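Chemist: Just one file: structure-v8.csv, with CSV, C-alpha atoms (C1' of nucleotides).
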chain,number,residue,atom,x,y,z
W,12,MET,CA,60.1,86.8,114.3
W,13,LYS,CA,58.0,89.8,113.4
W,14,PHE,CA,58.8,92.3,110.7
W,15,LYS,CA,60.1,95.1,113.0
W,16,GLU,CA,62.4,92.7,114.8
W,17,ALA,CA,63.7,91.2,111.5
W,18,LYS,CA,64.3,94.6,110.1
W,19,ASN,CA,66.2,95.7,113.1
W,20,LYS,CA,68.3,92.5,113.1
W,21,PHE,CA,69.1,93.0,109.5
W,22,VAL,CA,70.2,96.6,110.0
W,23,GLN,CA,72.4,95.7,113.0
W,24,THR,CA,73.9,92.8,111.2
W,25,TRP,CA,74.7,94.8,108.1
W,26,GLY,CA,76.3,97.5,110.3
W,27,ALA,CA,78.5,94.9,112.1
W,28,LEU,CA,79.5,93.4,108.8
W,29,GLY,CA,80.4,96.8,107.5
W,30,SER,CA,82.7,97.6,110.3
W,31,GLN,CA,84.5,94.4,109.9
W,32,TRP,CA,85.3,95.4,106.3
W,33,GLY,CA,86.4,99.0,107.2
W,34,ILE,CA,83.1,100.7,106.5
W,35,ASN,CA,81.7,102.8,109.4
W,36,LYS,CA,78.9,101.2,111.3
W,37,THR,CA,76.3,104.0,110.8
W,38,MET,CA,77.1,104.3,107.2
W,39,ALA,CA,76.4,100.6,106.7
W,40,GLN,CA,73.2,100.8,108.8
W,41,ILE,CA,71.8,103.7,106.9
W,42,HIS,CA,72.5,101.8,103.7
W,43,ALA,CA,70.8,98.7,105.1
W,44,LEU,CA,67.8,100.7,106.1
W,45,LEU,CA,67.4,102.3,102.7
W,46,MET,CA,67.9,99.0,100.9
W,47,VAL,CA,64.9,97.4,102.6
W,48,SER,CA,62.7,100.4,102.4
W,49,ASN,CA,60.2,100.4,99.6
W,50,GLU,CA,60.0,104.1,99.5
W,51,ALA,CA,62.4,107.0,100.0
W,52,VAL,CA,63.2,107.9,103.6
W,53,SER,CA,63.7,111.4,105.1
W,54,MET,CA,66.7,112.3,107.2
W,55,GLU,CA,64.3,112.8,110.1
W,56,ASP,CA,63.2,109.2,109.8
W,57,ILE,CA,66.7,107.8,109.5
W,58,MET,CA,67.7,109.7,112.6
W,59,ASP,CA,64.7,108.4,114.4
W,60,GLU,CA,65.0,104.7,113.4
W,61,LEU,CA,68.8,104.5,114.1
W,62,GLN,CA,68.8,106.8,117.0
W,63,ILE,CA,71.6,109.0,115.7
W,64,SER,CA,72.2,112.7,115.5
W,65,ARG,CA,71.4,115.0,112.6
W,66,GLY,CA,75.1,115.6,112.0
W,67,ASN,CA,75.9,112.0,111.9
W,68,ALA,CA,73.0,111.2,109.5
W,69,SER,CA,74.0,114.1,107.3
W,70,MET,CA,77.7,113.2,107.0
W,71,ASN,CA,77.1,109.5,106.4
W,72,LEU,CA,74.4,110.2,103.8
W,73,ARG,CA,76.9,112.4,102.0
W,74,ALA,CA,79.5,109.7,102.1
W,75,LEU,CA,77.0,107.1,100.8
W,76,MET,CA,76.2,109.5,97.9
W,77,ASP,CA,79.9,110.0,97.2
W,78,TRP,CA,80.1,106.3,96.9
W,79,GLY,CA,77.3,106.5,94.4
W,80,ILE,CA,75.1,104.0,96.2
W,81,VAL,CA,72.5,106.3,97.7
W,82,TYR,CA,70.5,109.0,95.9
W,83,LYS,CA,68.6,112.1,96.9
W,84,GLU,CA,65.0,112.3,95.9
W,85,TYR,CA,62.7,115.3,95.9
W,86,LYS,CA,59.0,114.9,96.5
W,87,ALA,CA,56.6,117.3,94.9
W,88,GLY,CA,55.3,119.8,97.5
W,89,GLU,CA,57.9,118.7,100.1
W,90,ARG,CA,60.7,120.9,101.2
W,91,ARG,CA,62.6,118.0,102.8
W,92,GLU,CA,64.9,115.7,101.0
W,93,PHE,CA,64.4,112.0,100.8
W,94,PHE,CA,66.9,109.3,100.2
W,95,THR,CA,66.9,105.9,98.4
W,96,ALA,CA,69.6,103.2,98.0
W,97,GLU,CA,70.8,101.5,94.9
W,98,LYS,CA,68.8,98.3,95.1
W,99,ASP,CA,70.2,96.4,92.2
W,100,LEU,CA,72.9,94.3,93.8
W,101,ASP,CA,75.1,93.8,90.8
W,102,GLU,CA,75.2,97.5,90.3
W,103,LEU,CA,75.8,98.0,94.1
W,104,ALA,CA,78.7,95.6,94.1
W,105,SER,CA,80.1,97.1,90.9
W,106,LYS,CA,80.1,100.6,92.4
W,107,ILE,CA,81.6,99.5,95.7
W,108,ALA,CA,84.4,97.7,93.8
W,109,ARG,CA,85.0,100.8,91.7
W,110,GLU,CA,85.3,103.1,94.6
W,111,ARG,CA,87.5,100.8,96.7
W,112,SER,CA,89.7,100.3,93.8
W,113,LYS,CA,90.0,104.0,93.1
W,114,ARG,CA,90.5,105.0,96.8
W,115,GLU,CA,92.6,102.2,98.1
W,116,ILE,CA,94.0,99.7,95.6
W,117,LYS,CA,95.2,102.1,93.0
W,118,PRO,CA,97.3,104.2,95.5
W,119,ALA,CA,98.6,100.9,97.0
W,120,LEU,CA,99.7,99.8,93.5
W,121,LYS,CA,101.5,103.0,92.9
W,122,ILE,CA,103.6,102.4,96.1
W,123,LEU,CA,104.1,98.8,95.2
W,124,LYS,CA,105.5,99.7,91.9
W,125,GLU,CA,107.8,102.3,93.4
W,126,VAL,CA,109.3,99.9,96.0
W,127,SER,CA,109.6,97.0,93.7
W,128,THR,CA,111.8,98.9,91.2
W,129,ILE,CA,114.5,100.1,93.5
W,130,GLU,CA,118.2,99.4,92.6
W,131,VAL,CA,119.5,96.5,94.5
W,132,THR,CA,123.0,95.7,95.7
W,133,GLU,CA,124.2,92.8,93.5
W,134,SER,CA,125.4,90.8,96.5
W,135,SER,CA,122.4,91.1,98.8
W,136,ALA,CA,120.0,88.2,98.8
W,137,GLU,CA,117.8,90.1,101.2
W,138,GLU,CA,117.4,93.0,98.8
W,139,LYS,CA,116.8,90.6,95.8
W,140,HIS,CA,114.1,88.8,97.8
W,141,PHE,CA,112.4,92.1,98.6
W,142,VAL,CA,112.2,93.2,95.0
W,143,ASP,CA,111.1,89.7,93.8
W,144,GLN,CA,108.4,89.5,96.4
W,145,THR,CA,107.0,93.0,96.0
W,146,SER,CA,107.0,92.6,92.2
W,147,LYS,CA,105.0,89.4,92.6
W,148,LEU,CA,102.6,91.3,94.9
W,149,TYR,CA,102.3,94.1,92.4
W,150,ASP,CA,101.3,91.7,89.7
W,151,PHE,CA,98.9,89.9,92.0
W,152,VAL,CA,97.1,93.0,93.3
W,153,LEU,CA,96.9,94.3,89.7
W,154,LYS,CA,95.3,91.0,88.6
W,155,ALA,CA,92.9,91.0,91.6
W,156,ASP,CA,91.9,94.6,90.9
W,157,ASN,CA,91.2,93.8,87.3
W,158,MET,CA,89.0,90.9,88.4
W,159,LEU,CA,87.1,93.2,90.7
W,160,ASP,CA,86.6,95.6,87.9
W,161,LYS,CA,85.3,92.9,85.7
W,162,MET,CA,83.1,91.2,88.2
W,163,THR,CA,79.9,92.8,87.1
W,164,GLU,CA,80.5,92.0,83.5
W,165,PHE,CA,81.4,88.5,84.5
W,166,ASN,CA,78.2,88.0,86.4
W,167,GLU,CA,76.2,89.1,83.5
W,168,ASN,CA,78.2,87.1,81.0
W,169,TRP,CA,76.8,83.7,79.9
W,170,LEU,CA,80.3,82.2,79.6
W,171,GLY,CA,81.0,83.4,83.1
W,172,ARG,CA,77.8,81.8,84.4
W,173,LEU,CA,78.8,78.6,82.7
W,174,VAL,CA,82.2,78.6,84.3
W,175,LEU,CA,80.7,79.4,87.7
W,176,LYS,CA,78.5,76.3,87.3
W,177,ILE,CA,81.4,74.1,86.3
W,178,MET,CA,83.4,75.4,89.2
W,179,LYS,CA,80.8,74.5,91.8
G,30,MET,CA,115.1,105.1,97.0
G,31,LYS,CA,117.3,102.8,99.1
G,32,PHE,CA,116.3,99.4,100.3
G,33,LYS,CA,115.6,100.3,103.9
G,34,GLU,CA,113.4,103.2,102.9
G,35,ALA,CA,111.6,101.0,100.4
G,36,LYS,CA,111.0,98.3,102.9
G,37,ASN,CA,109.7,100.7,105.5
G,38,LYS,CA,107.4,102.3,102.9
G,39,PHE,CA,106.1,98.9,101.9
G,40,VAL,CA,105.4,97.9,105.5
G,41,GLN,CA,103.6,101.2,106.2
G,42,THR,CA,101.5,101.0,103.1
G,43,TRP,CA,100.5,97.4,103.7
G,44,GLY,CA,99.5,98.4,107.3
G,45,ALA,CA,97.4,101.3,106.1
G,46,LEU,CA,95.7,99.1,103.4
G,47,GLY,CA,95.0,96.5,106.1
G,48,SER,CA,93.2,98.9,108.4
G,49,GLN,CA,91.0,100.2,105.6
G,50,TRP,CA,89.9,96.6,105.1
G,51,GLY,CA,89.2,95.9,108.8
G,52,ILE,CA,92.6,94.2,109.6
G,53,ASN,CA,94.5,95.8,112.4
G,54,LYS,CA,97.4,97.9,111.4
G,55,THR,CA,100.1,96.1,113.4
G,56,MET,CA,98.9,92.7,112.2
G,57,ALA,CA,99.2,93.8,108.6
G,58,GLN,CA,102.6,95.4,109.2
G,59,ILE,CA,104.0,92.2,110.8
G,60,HIS,CA,102.7,90.2,107.9
G,61,ALA,CA,104.2,92.7,105.4
G,62,LEU,CA,107.6,92.5,107.2
G,63,LEU,CA,107.6,88.7,107.2
G,64,MET,CA,106.5,88.6,103.5
G,65,VAL,CA,109.5,90.4,102.3
G,66,SER,CA,112.1,88.8,104.7
G,67,ASN,CA,114.1,86.1,103.1
G,68,GLU,CA,114.6,84.3,106.4
G,69,ALA,CA,112.6,83.7,109.5
G,70,VAL,CA,112.4,86.6,111.9
G,71,SER,CA,112.4,86.5,115.7
G,72,MET,CA,109.8,88.3,117.9
G,73,GLU,CA,112.6,90.5,119.2
G,74,ASP,CA,113.4,91.7,115.7
G,75,ILE,CA,109.8,92.3,114.8
G,76,MET,CA,109.4,94.4,118.0
G,77,ASP,CA,112.5,96.3,117.1
G,78,GLU,CA,111.7,97.0,113.4
G,79,LEU,CA,108.1,98.0,114.0
G,80,GLN,CA,108.7,99.7,117.4
G,81,ILE,CA,106.0,97.8,119.2
G,82,SER,CA,105.7,96.1,122.5
G,83,ARG,CA,106.2,92.5,123.2
G,84,GLY,CA,102.5,91.9,124.1
G,85,ASN,CA,101.4,93.5,120.8
G,86,ALA,CA,103.8,91.4,118.8
G,87,SER,CA,102.8,88.3,120.6
G,88,MET,CA,99.0,88.8,120.1
G,89,ASN,CA,99.2,89.7,116.5
G,90,LEU,CA,101.5,86.9,115.6
G,91,ARG,CA,99.1,84.5,117.3
G,92,ALA,CA,96.3,86.1,115.2
G,93,LEU,CA,98.3,85.7,112.0
G,94,MET,CA,98.9,82.1,112.9
G,95,ASP,CA,95.2,81.6,113.6
G,96,TRP,CA,94.6,82.9,110.1
G,97,GLY,CA,97.0,80.3,108.9
G,98,ILE,CA,99.2,82.8,107.0
G,99,VAL,CA,102.2,82.9,109.4
G,100,TYR,CA,104.2,79.9,110.7
G,101,LYS,CA,106.4,79.3,113.7
G,102,GLU,CA,109.8,78.0,113.0
G,103,TYR,CA,112.4,76.5,115.3
G,104,LYS,CA,116.1,76.8,114.6
G,105,ALA,CA,118.5,74.2,115.8
G,106,GLY,CA,120.3,75.3,118.9
G,107,GLU,CA,118.1,78.3,119.4
G,108,ARG,CA,115.6,78.7,122.2
G,109,ARG,CA,113.8,81.5,120.6
G,110,GLU,CA,111.0,81.1,118.1
G,111,PHE,CA,111.2,82.5,114.6
G,112,PHE,CA,108.3,83.4,112.3
G,113,THR,CA,107.7,83.2,108.5
G,114,ALA,CA,104.8,84.3,106.3
G,115,GLU,CA,103.0,82.3,103.7
G,116,LYS,CA,104.7,83.7,100.6
G,117,ASP,CA,102.7,82.1,97.8
G,118,LEU,CA,100.2,84.7,97.0
G,119,ASP,CA,97.5,82.4,95.6
G,120,GLU,CA,97.7,80.4,98.8
G,121,LEU,CA,97.6,83.6,100.9
G,122,ALA,CA,94.5,84.9,99.1
G,123,SER,CA,92.8,81.5,99.4
G,124,LYS,CA,93.5,81.4,103.2
G,125,ILE,CA,92.3,84.9,103.8
G,126,ALA,CA,89.2,84.2,101.7
G,127,ARG,CA,88.5,81.1,103.7
G,128,GLU,CA,88.9,82.8,107.0
G,129,ARG,CA,86.8,85.8,106.2
G,130,SER,CA,84.1,83.6,104.8
G,131,LYS,CA,84.1,81.5,107.9
G,132,ARG,CA,84.2,84.3,110.4
G,133,GLU,CA,82.1,87.0,108.8
G,134,ILE,CA,80.2,85.9,105.7
G,135,LYS,CA,78.8,82.6,107.0
G,136,PRO,CA,77.3,84.2,110.1
G,137,ALA,CA,75.9,87.0,108.1
G,138,LEU,CA,74.2,84.5,105.7
G,139,LYS,CA,72.6,82.8,108.6
G,140,ILE,CA,71.0,86.0,109.8
G,141,LEU,CA,70.0,86.9,106.2
G,142,LYS,CA,68.3,83.6,105.9
G,143,GLU,CA,66.4,84.1,109.2
G,144,VAL,CA,65.2,87.6,108.4
G,145,SER,CA,64.2,86.8,104.8
G,146,THR,CA,61.9,84.0,105.8
G,147,ILE,CA,59.6,85.8,108.2
G,148,GLU,CA,55.9,85.5,107.8
G,149,VAL,CA,54.5,88.7,106.2
G,150,THR,CA,51.2,90.4,106.5
G,151,GLU,CA,49.5,89.8,103.2
G,152,SER,CA,48.5,93.4,102.8
G,153,SER,CA,51.8,95.1,103.6
G,154,ALA,CA,53.9,96.2,100.6
G,155,GLU,CA,56.6,97.3,103.0
G,156,GLU,CA,57.0,93.8,104.5
G,157,LYS,CA,56.8,92.2,101.1
G,158,HIS,CA,59.6,94.4,99.8
G,159,PHE,CA,61.7,93.6,102.9
G,160,VAL,CA,61.5,89.9,102.3
G,161,ASP,CA,62.1,90.3,98.6
G,162,GLN,CA,65.2,92.4,99.0
G,163,THR,CA,66.7,90.4,101.8
G,164,SER,CA,66.1,87.2,99.8
G,165,LYS,CA,67.9,88.7,96.9
G,166,LEU,CA,70.7,89.8,99.2
G,167,TYR,CA,71.0,86.3,100.6
G,168,ASP,CA,71.3,84.8,97.1
G,169,PHE,CA,73.8,87.4,96.1
G,170,VAL,CA,76.1,87.0,99.2
G,171,LEU,CA,75.9,83.3,98.8
G,172,LYS,CA,77.0,83.5,95.2
G,173,ALA,CA,79.8,86.0,96.1
G,174,ASP,CA,81.0,83.7,98.9
G,175,ASN,CA,81.1,80.7,96.6
G,176,MET,CA,83.2,82.8,94.1
G,177,LEU,CA,85.6,83.7,96.9
G,178,ASP,CA,85.9,80.0,97.9
G,179,LYS,CA,86.7,79.0,94.4
G,180,MET,CA,89.0,81.9,93.5
G,181,THR,CA,92.2,79.8,93.9
G,182,GLU,CA,90.9,77.0,91.9
G,183,PHE,CA,89.8,79.5,89.3
G,184,ASN,CA,93.2,81.1,89.2
G,185,GLU,CA,94.9,77.8,88.6
G,186,ASN,CA,92.3,76.6,86.1
G,187,TRP,CA,93.1,76.9,82.4
G,188,LEU,CA,89.5,77.7,81.5
G,189,GLY,CA,89.4,80.3,84.2
G,190,ARG,CA,92.6,81.9,82.7
G,191,LEU,CA,91.0,81.9,79.3
G,192,VAL,CA,87.9,83.6,80.5
G,193,LEU,CA,90.0,86.2,82.4
G,194,LYS,CA,91.7,87.0,79.1
G,195,ILE,CA,88.5,87.2,77.2
G,196,MET,CA,87.0,89.5,79.9
G,197,LYS,CA,89.9,92.0,79.7
R,18,DT,C1',113.8,70.9,141.1
R,19,DT,C1',115.4,75.1,140.0
R,20,DA,C1',116.3,79.0,137.4
R,21,DA,C1',117.1,81.1,133.2
R,22,DA,C1',115.1,82.3,128.9
R,23,DC,C1',111.6,82.9,126.7
R,24,DT,C1',106.1,83.7,125.6
R,25,DT,C1',101.4,84.8,126.7
R,26,DT,C1',97.8,87.2,129.0
R,27,DC,C1',95.0,90.9,130.4
R,28,DA,C1',93.8,95.1,133.0
R,29,DA,C1',94.8,99.7,132.3
R,30,DA,C1',96.4,103.5,129.2
R,31,DA,C1',96.7,105.5,124.8
R,32,DA,C1',95.4,106.3,120.3
R,33,DT,C1',92.0,106.4,116.9
R,34,DA,C1',87.6,106.8,114.9
R,35,DA,C1',82.9,108.1,115.2
R,36,DA,C1',79.0,110.9,117.0
R,37,DT,C1',77.1,114.9,118.9
R,38,DG,C1',74.9,119.3,118.7
R,39,DA,C1',75.0,124.1,118.2
R,40,DA,C1',76.2,127.5,115.0
R,41,DA,C1',76.6,128.7,110.2
R,42,DG,C1',74.9,128.0,105.8
R,43,DT,C1',71.2,127.3,102.1
R,44,DT,C1',67.0,127.3,99.8
R,45,DT,C1',62.3,128.6,99.1
R,46,DG,C1',58.0,131.0,99.5
R,47,DT,C1',55.9,135.4,100.4
H,13,DA,C1',64.4,141.3,101.6
H,14,DC,C1',62.9,138.5,105.2
H,15,DA,C1',62.1,134.5,107.7
H,16,DA,C1',60.9,129.8,108.0
H,17,DA,C1',62.4,125.2,107.0
H,18,DC,C1',65.6,122.7,106.3
H,19,DT,C1',70.9,120.9,105.7
H,20,DT,C1',75.9,121.0,106.6
H,21,DT,C1',80.0,121.8,109.1
H,22,DC,C1',83.3,121.1,112.6
H,23,DA,C1',85.2,121.7,117.4
H,24,DT,C1',84.3,119.0,121.2
H,25,DT,C1',82.8,114.7,123.4
H,26,DT,C1',82.1,109.9,123.5
H,27,DA,C1',82.9,105.2,122.1
H,28,DT,C1',85.8,101.8,120.3
H,29,DT,C1',89.9,99.7,119.2
H,30,DT,C1',94.6,99.0,119.8
H,31,DT,C1',98.8,99.0,122.5
H,32,DT,C1',101.4,98.6,126.5
H,33,DG,C1',103.9,96.4,130.2
H,34,DA,C1',104.1,93.9,134.2
H,35,DA,C1',102.7,89.6,136.1
H,36,DA,C1',101.8,84.9,135.2
H,37,DG,C1',102.8,81.0,132.5
H,38,DT,C1',105.8,77.8,129.9
H,39,DT,C1',109.8,75.3,128.4
H,40,DT,C1',114.4,73.7,128.6
H,41,DA,C1',118.7,72.4,130.5
H,42,DA,C1',121.5,71.3,134.2
Show me this structure written as structure tokens.

Modeler:
Amino acid sequence: MKFKEAKNKFVQTWGALGSQWGINKTMAQIHALLMVSNEAVSMEDIMDELQISRGNASMNLRALMDWGIVYKEYKAGERREFFTAEKDLDELASKIARERSKREIKPALKILKEVSTIEVTESSAEEKHFVDQTSKLYDFVLKADNMLDKMTEFNENWLGRLVLKIMK
Amino acid sequence: MKFKEAKNKFVQTWGALGSQWGINKTMAQIHALLMVSNEAVSMEDIMDELQISRGNASMNLRALMDWGIVYKEYKAGERREFFTAEKDLDELASKIARERSKREIKPALKILKEVSTIEVTESSAEEKHFVDQTSKLYDFVLKADNMLDKMTEFNENWLGRLVLKIMK
DNA sequence: TTAAACTTTCAAAAATAAATGAAAGTTTGT
DNA sequence: ACAAACTTTCATTTATTTTTGAAAGTTTAA
């Protein structure tokens, strides 16, 4: 396998993986492309390599920057903007976790808390089970969310590393 | 908020959360419905509560059973089949992690290994960076996948709990 | 073996999400 | 202030995913 072929395969795979996890394909592909580029890439080049329109490139780059995992770069003497990806993987994971938590998990927790604290009819086993199960779910999601938050710390933490080794 | 309203809100929220994570809405909704039901539910009732077609119900129930998080139940003297969800949340998380790992992460790792082991032109910084970055990604994803695999163990493990507390 | 009661399948339709591209907006140099 | 060089926006189009529903399949009881 040659470099170009490998690069393309990587970008496609990353795009497919992204869509399976609710991230749009182009967004994941752009990110993949930037991740493996050793220098900043212009919007023109991104459009060209991925065969996408200017509007698509622009919107997905904006989204990636909103996630905090892609940065704009200005080159001296160049009017155009260039883009680079966060390449430190712990940092990348940490930012993705933070964003997903903020955008999806926190709002879900809010609803879970609401529905798990309704008043129930004393006699209804059905309603009791609902409150019991949603309360457990609330606790569980909260715990999972905290773990996600602390993942980076954990990875950098010697005790964490030790535990990881023991667990393997 | 009354029970029915709360139940509906929960089902809708769980469905929305599912689609953001690449799980189809109906599948997540059916799962939500079964999670908070204190007894097994017939396909008829699922169709009715979620206002979906028989085919849709059937296909998504099959998918949920393939994931191993919903079970068929037979009631004495009833021709119809009833369904229940895995209600233990650690078990649920563990099964979801296992399935996603098998279906998505393992294949991605295979590709990552392939593309990170190409022969590179000695003089090309671009190609060297590609191999370096994809290798790092391979290691990272492998590590993350292992953590996912071990999550349940970890949750049940006293040392794990201790570390969780320290990390907070 | 038949038929009733139920479930599954899958081609077509509908719904949803993503991409396009032209027009509007911005920035920079002169 | 102007215009060139570039970026962003968003209504429309396109692609993808999901849902439907009728036909085919299966199981059970008589």

Chemist: Find the spatial neighbours of Thr55 of chain G, counting all atoms listed in the file, within a cut-off of 10 Å - ignore same-chain residues fewer than 6 positions away - and output them as a count of residues only.

Modeler: 17

Chemist: Within 10 Å of DT40 of chain H, counting only C-alpha atoms (C1' of nucleotides), which residues show up once you throw out same-chain ones fewer than 4 positions away? Write them as a ChimeraX atom specification, please.

Modeler: /G:108 /R:21-23

Chemist: Residues within 10 Å of segment 27-42 of chain R, please, as number ranges by chain. Count all atoms listed in the file; anything in the same chain fewer than 6 positions from it doesn't count.

Modeler: W: 35-37, 63-68; G: 84; H: 19-22, 24-33, 35

Chemist: Just want the 12 Å neighbourhood of Arg132 of chain G, counted on all atoms listed in the file, with same-chain residues fewer than 2 positions away dropped. Output as a list in words.

Modeler: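 Contacts, with the query itself left out: Leu28, Gln31 and Trp32 of chain W; Asp95, Trp96, Ile125, Ala126, Arg127, Glu128, Arg129, Ser130, Ile134, Lys135, Pro136, Ala137, Leu138, Lys139 and Asp174 of chain G.
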
Chemist: Have a look at W:Lys161, W:Lys98, W:Lys124, W:Lys106 and name the one nearest to Leu166 of chain G; count only C-alpha atoms.

Modeler: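 Closest candidate: W:Lys98.
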
Chemist: Closest to chain R among W:Thr132, W:Asn19, W:Ser48, W:Ser69, using only C-alpha atoms (C1' of nucleotides)?

Modeler: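 Looking at the shortest contact to chain R, the residue is W:Ser69.
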
Chemist: Would you mind reading off the distance between atom CA of Leu141 of chain G and atom CA of Phe14 of chain W, one decimal, in Å?

Modeler: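 Answer for the atom CA of Leu141 of chain G to atom CA of Phe14 of chain W separation: 13.2 Å.
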
Chemist: Separation of atom CA of Val149 of chain G and atom CA of Lys20 of chain W, in Å?

Modeler: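 Result for atom CA of Val149 of chain G versus atom CA of Lys20 of chain W: 15.9 Å, one decimal.
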
Chemist: Determine the nearest neighbour of chain H from the options G:Ala154, G:Met30, G:Met56, G:Ala122, counting all atoms listed in the file.

Modeler: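 Once distances to chain H are computed over all atoms listed in the file, the minimum belongs to G:Met56.
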
Chemist: Give me, as a list in words, the contact residues of chain W against chain G at a cut-off of 6 Å, counting all atoms listed in the file.

Modeler: Ala17, Gln31, Trp32, Gly33, Val47, Asn49, Val126, Glu137, His140 and Phe141 of chain W

Chemist: In Å to one decimal, how far is atom CA of Thr95 of chain W from atom CA of Arg73 of chain W?

Modeler: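 Rounded to one decimal, the two atoms are 12.5 Å apart.
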
Chemist: Would you kindly return, as a list in words, each protein, DNA or RNA residue with an atom no farther than 12 Å from any atom of DA36 of chain H, considering all atoms listed in the file and excluding same-chain residues fewer than 5 positions away?

Modeler: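 The filter keeps DT24, DT25, DT26 and DC27 of chain R.
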
Chemist: Pick the closest to chain H from W:Ser53, W:Ser105, W:Gln40, W:Ser146: which is it, counting all atoms listed in the file?

Modeler: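 Using all atoms listed in the file, the shortest distance to chain H belongs to W:Ser53.
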